[in-house]
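Shown next, in structure tokens, is the structure this report addresses.
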Amino acid sequence: GAVVSQHPSRVICKSGTSVKIECRSLDFQATTMFWYRQFPKQSLMLMATSNEGSKATYEQGVEKDKFLINHASLTLSTLTVTSAHPEDSSFYICSASGTLGETQYFGPGTRLLVL
Amino acid sequence: AQSVTQLDSQVPVFEEAPVELRCNYSSSVSVYLFWYVQYPNQGLQLLLKYLSGSTLVKGINGFEAEFNKSQTSFHLRKPSVHISDTAEYFCAVSGRPGTYKYIFGTGTRLKVLA
């Protein structure tokens, strides 16, 4: 149980284009989803927290107009990197927590490379 | 404010030897504590968690951890490691009902040597 998927697993795009990453909870309803960014050999940096049907709460320093988050259902959240630039290249990981909320289950991550 | 410290960035250990990965936290409120493992180019997998109750927590893959409130620690242990345990290990703390945001440690790279 508690499986979270992400799609795509890897994406390469040109600078200036937008990229959408999907995060799905496969066997539970995700009340809250989190989006993280991880640089090589570093820990995870929380970008934003989203609750189903509500606007996402962004961490300090994260541009909400650049990283658009939608949590339209209890099983799906999307992160759209708008007008991507090479510095946005990173490993993006989502996590989801259920009704009790205290435990996060992580997706396998999406490797984004912006050329 | 909460914080998590993983003092060891890398821990080399020989196969079948015991290992302890250290995690210390600071918090002014009651906490939930977690250990996750990350294999290369993958997401994080939950190893074990402490929410309440017994301070000795057993997890998957033979790992266990002990919550020590007086020392504000949650060290991860395994009595005998395998080559397949080579990975990055993250300790995390949360303690704010309503958001349950995690604070992660910087990670410990466990390298099991043959």
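Residue names in the structure tokens use chain letters A, B, ... in the order shown, residue numbers from 1 in each chain, and ligand numbers from 1 in the order shown.
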Expected answer as a PyMOL selection string: chain A residues within 10 Å of chain B, only C-alpha atoms
chain A and resi 4-6+9+32+34+40-46+48-51+91-95+97+100-111
7 Å contact set for Glu22 of chain A, only C-alpha atoms, chain neighbours under 6 positions out, as a PyMOL selection string:
chain A and resi 6-7+77-79
For Arg22 of chain B, please output as a list in words all residues within 9 Å (counting only C-alpha atoms; exclusion window: fewer than 3 positions along the same chain).
Thr5, Gln6, Leu7, Asp8, Ser73, Phe74, His75, Leu76, Arg77, Cys91 and Thr108 of chain B
Pick out the residues sitting within 9 Å of segment 52-67 of chain A, and hand them over as an mmCIF file with N, CA and C atoms, in the first residue's frame; count only C-alpha atoms, and ignore anything fewer than 5 positions along from it in its own chain.
```cif
data_model
loop_
_atom_site.group_PDB
_atom_site.id
_atom_site.type_symbol
_atom_site.label_atom_id
_atom_site.label_comp_id
_atom_site.auth_asym_id
_atom_site.auth_seq_id
_atom_site.Cartn_x
_atom_site.Cartn_y
_atom_site.Cartn_z
ATOM 1 N N ALA A 30 -4.875 11.160 -1.193
ATOM 2 C CA ALA A 30 -3.834 12.052 -0.687
ATOM 3 C C ALA A 30 -4.431 13.399 -0.326
ATOM 4 N N THR A 31 -4.633 13.600 0.942
ATOM 5 C CA THR A 31 -5.166 14.880 1.400
ATOM 6 C C THR A 31 -4.177 16.002 1.117
ATOM 7 N N THR A 32 -2.914 15.694 1.318
ATOM 8 C CA THR A 32 -1.861 16.690 1.130
ATOM 9 C C THR A 32 -0.765 16.105 0.252
ATOM 10 N N MET A 33 -0.281 16.924 -0.653
ATOM 11 C CA MET A 33 0.868 16.530 -1.471
ATOM 12 C C MET A 33 1.954 17.582 -1.337
ATOM 13 N N LEU A 46 11.989 21.448 0.301
ATOM 14 C CA LEU A 46 10.542 21.569 0.101
ATOM 15 C C LEU A 46 10.250 22.824 -0.706
ATOM 16 N N MET A 47 9.475 22.638 -1.785
ATOM 17 C CA MET A 47 9.091 23.773 -2.605
ATOM 18 C C MET A 47 7.709 24.285 -2.205
ATOM 19 N N ALA A 72 -5.999 19.006 -8.068
ATOM 20 C CA ALA A 72 -7.417 19.030 -8.420
ATOM 21 C C ALA A 72 -8.212 17.878 -7.842
ATOM 22 N N SER A 73 -7.544 16.795 -7.495
ATOM 23 C CA SER A 73 -8.269 15.652 -6.947
ATOM 24 C C SER A 73 -7.463 15.040 -5.817
ATOM 25 N N LEU A 74 -8.067 14.085 -5.132
ATOM 26 C CA LEU A 74 -7.391 13.449 -3.994
ATOM 27 C C LEU A 74 -6.333 12.442 -4.426
ATOM 28 N N THR A 75 -6.148 12.277 -5.726
ATOM 29 C CA THR A 75 -5.125 11.335 -6.180
ATOM 30 C C THR A 75 -4.149 11.945 -7.169
ATOM 31 N N LEU A 76 -4.296 13.204 -7.490
ATOM 32 C CA LEU A 76 -3.439 13.798 -8.517
ATOM 33 C C LEU A 76 -3.040 15.223 -8.173
ATOM 34 N N SER A 77 -1.742 15.459 -8.273
ATOM 35 C CA SER A 77 -1.212 16.815 -8.195
ATOM 36 C C SER A 77 -0.242 16.988 -9.355
ATOM 37 N N LEU A 79 2.831 19.570 -11.109
ATOM 38 C CA LEU A 79 3.778 20.680 -11.011
ATOM 39 C C LEU A 79 4.148 21.076 -12.423
ATOM 40 N N THR A 80 3.923 22.330 -12.769
ATOM 41 C CA THR A 80 4.304 22.838 -14.086
ATOM 42 C C THR A 80 5.430 23.842 -13.914
ATOM 43 N N VAL A 81 6.546 23.536 -14.548
ATOM 44 C CA VAL A 81 7.669 24.462 -14.558
ATOM 45 C C VAL A 81 7.497 25.321 -15.802
ATOM 46 N N THR A 82 7.190 26.576 -15.610
ATOM 47 C CA THR A 82 6.910 27.463 -16.738
ATOM 48 C C THR A 82 8.189 28.164 -17.206
ATOM 49 N N SER A 83 8.280 28.337 -18.524
ATOM 50 C CA SER A 83 9.440 29.002 -19.117
ATOM 51 C C SER A 83 10.733 28.490 -18.476
ATOM 52 N N ALA A 84 10.940 27.211 -18.633
ATOM 53 C CA ALA A 84 12.073 26.570 -17.963
ATOM 54 C C ALA A 84 13.403 27.099 -18.486
#
```
Segment 12-21 of chain B surroundings by only C-alpha atoms, 7 Å radius, close-in-sequence under 3 positions cut, as a list of chain:residue names
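Final neighbour list, sorted by chain and number: B:His75, B:Leu76, B:Arg77, B:Lys78, B:Pro79, B:Ser80, B:Val81, B:His82, B:Ile83, B:Leu110, B:Lys111, B:Val112, B:Leu113, B:Ala114.
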If DSSP is run on the backbone, what residues of chain A are strand (DSSP E)? A reply as JSON, numbers by chain would be ideal.
{"A": [4, 5, 6, 7, 10, 11, 12, 13, 19, 20, 21, 22, 23, 24, 25, 32, 33, 34, 35, 36, 37, 38, 44, 45, 46, 47, 48, 49, 50, 51, 57, 58, 67, 68, 69, 70, 71, 72, 73, 76, 77, 78, 79, 80, 81, 90, 91, 92, 93, 94, 95, 96, 97, 105, 106, 110, 111, 112, 113, 114]}
Record the distance separating atom CA of Val31 of chain B and atom CA of Ile69 of chain A, expressed in Å with one decimal.
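According to the coordinates, atom CA of Val31 of chain B and atom CA of Ile69 of chain A are separated by 28.0 Å.
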Can you pull out every residue within 8 Å of segment 27-29 of chain A, counting only C-alpha atoms, but drop anything in the same chain fewer than 6 positions away, and send it as a tab-separated table (two decimals) with N, CA and C atoms, in the first residue's frame?
```
chain	number	residue	atom	x	y	z
A	1	GLY	N	0.81	-1.21	0.00
A	1	GLY	CA	0.00	0.00	0.00
A	1	GLY	C	0.84	1.26	0.00
A	2	ALA	N	0.18	2.41	-0.12
A	2	ALA	CA	0.81	3.72	-0.09
A	2	ALA	C	1.82	3.90	-1.21
A	3	VAL	N	1.36	3.70	-2.42
A	3	VAL	CA	2.24	3.84	-3.59
A	3	VAL	C	1.96	5.17	-4.26
A	74	LEU	N	-8.07	14.09	-5.13
A	74	LEU	CA	-7.39	13.45	-3.99
A	74	LEU	C	-6.33	12.44	-4.43
A	75	THR	N	-6.15	12.28	-5.73
A	75	THR	CA	-5.13	11.33	-6.18
A	75	THR	C	-4.15	11.95	-7.17
A	98	GLY	N	-1.90	10.80	3.59
A	98	GLY	CA	-3.32	10.51	3.61
A	98	GLY	C	-4.05	11.25	4.69
A	99	THR	N	-5.16	10.69	5.11
A	99	THR	CA	-6.06	11.36	6.05
A	99	THR	C	-5.38	11.67	7.38
```
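Going from atom CA of Pro40 of chain B to atom CA of Ser84 of chain B covers 11.9 Å.
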